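Coordinates as given in target_16.pdb (PDB, C-alpha atoms, pLDDT in the B column):
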MODEL        1
ATOM      1  CA  MET A 454     -30.227  14.026 -10.437  1.00 54.00           C
ATOM      2  CA  HIS A 455     -31.698  14.313  -6.979  1.00 58.00           C
ATOM      3  CA  ALA A 456     -33.806  11.341  -5.898  1.00 61.00           C
ATOM      4  CA  SER A 457     -36.979  13.433  -5.568  1.00 77.00           C
ATOM      5  CA  ARG A 458     -36.608  14.627  -9.160  1.00 82.00           C
ATOM      6  CA  ALA A 459     -36.050  11.037 -10.242  1.00 86.00           C
ATOM      7  CA  ALA A 460     -39.226  10.096  -8.381  1.00 88.00           C
ATOM      8  CA  LEU A 461     -41.157  12.747 -10.315  1.00 90.00           C
ATOM      9  CA  LEU A 462     -39.730  11.511 -13.601  1.00 89.00           C
ATOM     10  CA  TRP A 463     -40.656   7.943 -12.655  1.00 89.00           C
ATOM     11  CA  LEU A 464     -44.177   9.095 -11.821  1.00 90.00           C
ATOM     12  CA  LEU A 465     -44.501  10.894 -15.171  1.00 89.00           C
ATOM     13  CA  LEU A 466     -43.254   7.876 -17.115  1.00 87.00           C
ATOM     14  CA  THR A 467     -45.156   5.143 -15.301  1.00 89.00           C
ATOM     15  CA  ALA A 468     -48.056   6.836 -13.457  1.00 92.00           C
ATOM     16  CA  GLU A 469     -46.826   5.035 -10.331  1.00 93.00           C
ATOM     17  CA  VAL A 470     -45.060   6.360  -7.250  1.00 92.00           C
ATOM     18  CA  PRO A 471     -41.623   4.702  -7.131  1.00 92.00           C
ATOM     19  CA  THR A 472     -40.014   3.066  -4.157  1.00 92.00           C
ATOM     20  CA  LYS A 473     -36.816   4.643  -2.847  1.00 91.00           C
ATOM     21  CA  ALA A 474     -34.852   1.841  -4.510  1.00 93.00           C
ATOM     22  CA  GLN A 475     -36.524   2.532  -7.868  1.00 92.00           C
ATOM     23  CA  ALA A 476     -35.882   6.286  -7.612  1.00 91.00           C
ATOM     24  CA  ASP A 477     -32.255   5.658  -6.627  1.00 91.00           C
ATOM     25  CA  ALA A 478     -31.794   3.229  -9.533  1.00 92.00           C
ATOM     26  CA  LEU A 479     -33.252   5.767 -11.969  1.00 92.00           C
ATOM     27  CA  THR A 480     -30.952   8.453 -10.573  1.00 92.00           C
ATOM     28  CA  GLN A 481     -27.933   6.220 -11.121  1.00 93.00           C
ATOM     29  CA  GLU A 482     -29.063   5.352 -14.635  1.00 94.00           C
ATOM     30  CA  LEU A 483     -29.417   9.021 -15.549  1.00 94.00           C
ATOM     31  CA  HIS A 484     -25.994   9.798 -14.088  1.00 94.00           C
ATOM     32  CA  ALA A 485     -24.513   7.068 -16.278  1.00 95.00           C
ATOM     33  CA  ARG A 486     -26.087   8.619 -19.385  1.00 96.00           C
ATOM     34  CA  ALA A 487     -25.349  12.287 -18.594  1.00 95.00           C
ATOM     35  CA  THR A 488     -22.137  12.847 -20.533  1.00 95.00           C
ATOM     36  CA  LEU A 489     -22.542  15.026 -23.599  1.00 96.00           C
ATOM     37  CA  PRO A 490     -20.987  13.751 -26.810  1.00 96.00           C
ATOM     38  CA  PRO A 491     -17.698  15.677 -27.240  1.00 96.00           C
ATOM     39  CA  HIS A 492     -18.765  17.209 -30.555  1.00 98.00           C
ATOM     40  CA  VAL A 493     -21.843  18.741 -28.908  1.00 98.00           C
ATOM     41  CA  GLU A 494     -19.776  20.556 -26.294  1.00 97.00           C
ATOM     42  CA  THR A 495     -17.390  21.761 -29.009  1.00 97.00           C
ATOM     43  CA  MET A 496     -20.335  22.988 -31.066  1.00 98.00           C
ATOM     44  CA  ILE A 497     -21.911  24.867 -28.138  1.00 98.00           C
ATOM     45  CA  ARG A 498     -18.607  26.514 -27.270  1.00 97.00           C
ATOM     46  CA  GLY A 499     -18.243  27.589 -30.906  1.00 97.00           C
ATOM     47  CA  PHE A 500     -21.603  29.332 -31.207  1.00 97.00           C
ATOM     48  CA  PRO A 501     -21.531  33.107 -31.727  1.00 95.00           C
ATOM     49  CA  LYS A 502     -21.869  35.038 -28.464  1.00 90.00           C
ATOM     50  CA  GLY A 503     -25.177  36.626 -29.482  1.00 93.00           C
ATOM     51  CA  MET A 504     -26.949  33.406 -30.519  1.00 97.00           C
ATOM     52  CA  HIS A 505     -30.165  32.953 -28.564  1.00 98.00           C
ATOM     53  CA  PRO A 506     -29.940  30.205 -25.902  1.00 98.00           C
ATOM     54  CA  MET A 507     -33.012  28.402 -27.260  1.00 98.00           C
ATOM     55  CA  THR A 508     -31.423  28.255 -30.702  1.00 98.00           C
ATOM     56  CA  GLN A 509     -28.313  26.791 -29.086  1.00 98.00           C
ATOM     57  CA  LEU A 510     -30.378  24.230 -27.175  1.00 98.00           C
ATOM     58  CA  SER A 511     -32.308  23.190 -30.281  1.00 98.00           C
ATOM     59  CA  SER A 512     -29.062  22.789 -32.198  1.00 98.00           C
ATOM     60  CA  ALA A 513     -27.471  20.804 -29.369  1.00 98.00           C
ATOM     61  CA  ILE A 514     -30.429  18.420 -29.223  1.00 98.00           C
ATOM     62  CA  LEU A 515     -30.301  17.898 -32.976  1.00 98.00           C
ATOM     63  CA  ALA A 516     -26.535  17.303 -32.840  1.00 98.00           C
ATOM     64  CA  MET A 517     -27.043  14.536 -30.270  1.00 97.00           C
ATOM     65  CA  GLN A 518     -28.777  12.555 -33.023  1.00 97.00           C
ATOM     66  CA  THR A 519     -25.364  11.151 -33.952  1.00 96.00           C
ATOM     67  CA  ASP A 520     -25.633   8.951 -30.826  1.00 95.00           C
ATOM     68  CA  SER A 521     -29.245   7.959 -31.474  1.00 97.00           C
ATOM     69  CA  VAL A 522     -29.985   4.364 -30.558  1.00 96.00           C
ATOM     70  CA  PHE A 523     -33.171   4.532 -32.618  1.00 96.00           C
ATOM     71  CA  ALA A 524     -31.388   5.827 -35.725  1.00 96.00           C
ATOM     72  CA  ALA A 525     -28.780   3.070 -35.512  1.00 96.00           C
ATOM     73  CA  ALA A 526     -31.409   0.369 -35.035  1.00 96.00           C
ATOM     74  CA  TYR A 527     -33.598   1.795 -37.801  1.00 96.00           C
ATOM     75  CA  ALA A 528     -30.648   1.802 -40.206  1.00 96.00           C
ATOM     76  CA  LYS A 529     -30.153  -1.895 -39.434  1.00 97.00           C
ATOM     77  CA  GLY A 530     -33.826  -2.587 -40.212  1.00 97.00           C
ATOM     78  CA  THR A 531     -35.232  -3.146 -36.751  1.00 95.00           C
ATOM     79  CA  HIS A 532     -38.805  -4.373 -36.619  1.00 96.00           C
ATOM     80  CA  LYS A 533     -41.510  -1.807 -35.852  1.00 95.00           C
ATOM     81  CA  ALA A 534     -42.425  -3.713 -32.704  1.00 95.00           C
ATOM     82  CA  LYS A 535     -38.992  -2.755 -31.293  1.00 93.00           C
ATOM     83  CA  TYR A 536     -39.253   0.990 -32.076  1.00 95.00           C
ATOM     84  CA  TRP A 537     -40.411   1.770 -28.548  1.00 93.00           C
ATOM     85  CA  ASP A 538     -37.293   0.198 -26.979  1.00 94.00           C
ATOM     86  CA  HIS A 539     -34.958   2.335 -29.071  1.00 96.00           C
ATOM     87  CA  THR A 540     -37.065   5.467 -28.636  1.00 96.00           C
ATOM     88  CA  TYR A 541     -37.006   4.950 -24.862  1.00 94.00           C
ATOM     89  CA  GLU A 542     -33.182   4.764 -24.903  1.00 96.00           C
ATOM     90  CA  ASP A 543     -32.946   8.011 -26.879  1.00 97.00           C
ATOM     91  CA  MET A 544     -35.431   9.728 -24.578  1.00 96.00           C
ATOM     92  CA  MET A 545     -33.530   8.673 -21.453  1.00 96.00           C
ATOM     93  CA  ASN A 546     -30.241   9.826 -22.980  1.00 97.00           C
ATOM     94  CA  LEU A 547     -31.742  13.194 -23.844  1.00 97.00           C
ATOM     95  CA  ILE A 548     -33.274  13.714 -20.399  1.00 96.00           C
ATOM     96  CA  ALA A 549     -29.957  12.809 -18.774  1.00 96.00           C
ATOM     97  CA  ARG A 550     -27.916  15.128 -21.014  1.00 97.00           C
ATOM     98  CA  LEU A 551     -30.149  18.204 -20.952  1.00 96.00           C
ATOM     99  CA  PRO A 552     -28.837  19.582 -17.637  1.00 94.00           C
ATOM    100  CA  GLU A 553     -25.259  19.492 -18.913  1.00 95.00           C
ATOM    101  CA  ALA A 554     -26.200  21.062 -22.242  1.00 97.00           C
ATOM    102  CA  CYS A 555     -28.243  23.801 -20.556  1.00 97.00           C
ATOM    103  CA  ALA A 556     -25.523  24.560 -18.020  1.00 96.00           C
ATOM    104  CA  LEU A 557     -22.926  24.850 -20.768  1.00 97.00           C
ATOM    105  CA  ILE A 558     -25.155  27.080 -22.896  1.00 98.00           C
ATOM    106  CA  TYR A 559     -25.909  29.313 -19.915  1.00 97.00           C
ATOM    107  CA  ARG A 560     -22.272  29.624 -18.858  1.00 96.00           C
ATOM    108  CA  CYS A 561     -21.067  30.273 -22.427  1.00 96.00           C
ATOM    109  CA  THR A 562     -23.817  32.806 -23.144  1.00 96.00           C
ATOM    110  CA  TYR A 563     -23.717  34.830 -19.951  1.00 95.00           C
ATOM    111  CA  PHE A 564     -20.380  34.092 -18.317  1.00 94.00           C
ATOM    112  CA  ASP A 565     -16.933  32.694 -19.055  1.00 93.00           C
ATOM    113  CA  GLY A 566     -17.911  29.218 -20.266  1.00 92.00           C
ATOM    114  CA  VAL A 567     -16.527  27.481 -17.190  1.00 92.00           C
ATOM    115  CA  VAL A 568     -18.892  24.777 -15.968  1.00 91.00           C
ATOM    116  CA  ALA A 569     -18.485  22.968 -12.668  1.00 89.00           C
ATOM    117  CA  PRO A 570     -17.736  19.268 -13.030  1.00 87.00           C
ATOM    118  CA  TYR A 571     -20.774  17.027 -13.175  1.00 85.00           C
ATOM    119  CA  ASP A 572     -21.801  15.970  -9.662  1.00 82.00           C
ATOM    120  CA  LYS A 573     -23.082  12.376  -9.601  1.00 79.00           C
ATOM    121  CA  SER A 574     -23.698  12.465  -5.859  1.00 76.00           C
ATOM    122  CA  THR A 575     -27.123  14.128  -6.018  1.00 67.00           C
TER     123      THR A 575
ENDMDL
END
If you convert what's in this file into structure tokens, what do you get?
Amino acid sequence: MHASRAALLWLLLTAEVPTKAQADALTQELHARATLPPHVETMIRGFPKGMHPMTQLSSAILAMQTDSVFAAAYAKGTHKAKYWDHTYEDMMNLIARLPEACALIYRCTYFDGVVAPYDKST
């Protein structure tokens, strides 16, 4: 994620303008979370050619639930006061993974399914 986009995300989440260091740290955190679970990529590649991209995206988001930090914590009986922490982790994972999921859906729907490797430099 480009630093200016990270700055906008920071602003949306905190209502504060981040420092360059904060924006860079957020960018690095999102890069670290960006990898799609393997079963989600397999699922997207297996969708019928005519399936609408929004249906594919909705399905991909739902399939990512298998990695849900909140679901795992909830199953262990986490206290309600900790729900926000686990929800935040899921939200950050989803935001980080959406570009990869969307790129894959786009390339599989309209082209040959080949997606350029994830670039963590921007």
Can you tell me, as a VMD selection string, what residues are no more than 10 Å from Ala485 (chain A) when counting all atoms listed in the file, ignoring any on the same chain fewer than 6 positions away? chain A and resid 479 546 549 to 550 573
Write the residues of the preceding selection, restricted to C-alpha atoms, as a compact mmCIF listing (two decimals), in the coordinates of the input.
# COMPACT_ATOMS: atom_id res chain seq x y z
CA LEU A 479 -33.25 5.77 -11.97
CA ASN A 546 -30.24 9.83 -22.98
CA ALA A 549 -29.96 12.81 -18.77
CA ARG A 550 -27.92 15.13 -21.01
CA LYS A 573 -23.08 12.38 -9.60
Might you spell out which residues the PyMOL selection byres ((chain A and resi 475) around 12) would select in the displayed file, as a ChimeraX atom specification? /A:456-457,459-464,467,469-474,476-482
Judged by only C-alpha atoms, the minimum distance to Arg560 (chain A) among A:Arg458, A:Arg498, A:His492, A:His484 is found for A:Arg498
I need the residue nearest Thr519 (chain A) from this list: A:Val567, A:Ile497, A:Leu489, A:Met504. Use all atoms listed in the file for the distance. A:Leu489
I'd like to see the residues matched by the PyMOL selection byres ((chain A and resi 510) around 9) on this file, and ideally I'd get them as a ChimeraX atom specification. /A:497,505-509,511-515,551,554-555,558
Kindly indicate which residue among A:Gly503, A:Ser574, A:Glu542, A:Asp520 lies nearest to Pro491 (chain A), using only C-alpha atoms for the distances. A:Asp520
How far is it from CA of Arg486 (chain A) to CA of Asp538 (chain A), in Å with one decimal?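 Pair CA of Arg486 (chain A) / CA of Asp538 (chain A) returns 15.9 Å.
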What's the separation between CA of Lys529 (chain A) and CA of Leu547 (chain A), in Å to one decimal place?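 Atom-to-atom, CA of Lys529 (chain A) and CA of Leu547 (chain A) are spaced 21.8 Å apart.
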Straight-line distance linking CA of Pro552 (chain A) with CA of Tyr527 (chain A), stated in Å to one decimal: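 For CA of Pro552 (chain A) relative to CA of Tyr527 (chain A), the distance reads 27.3 Å.
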Selection: 12 Å around Lys535 (chain A), all atoms listed in the file, excl. self and same-chain fewer than 5 positions, as a ChimeraX atom specification: /A:522-523,526-527,530,540-542
May I ask which of the residues A:Ser521, A:His539, A:Cys561, A:Lys533 is the closest one to Gly499 (chain A), counting all atoms listed in the file?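 Closest to Gly499 (chain A) of all the choices is A:Cys561.
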Top pick for closest residue to Pro501 (chain A), considering A:Val568, A:Thr562, A:Gln518, A:Leu483 and counting all atoms listed in the file: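 Smallest separation from Pro501 (chain A) among the options: A:Thr562.
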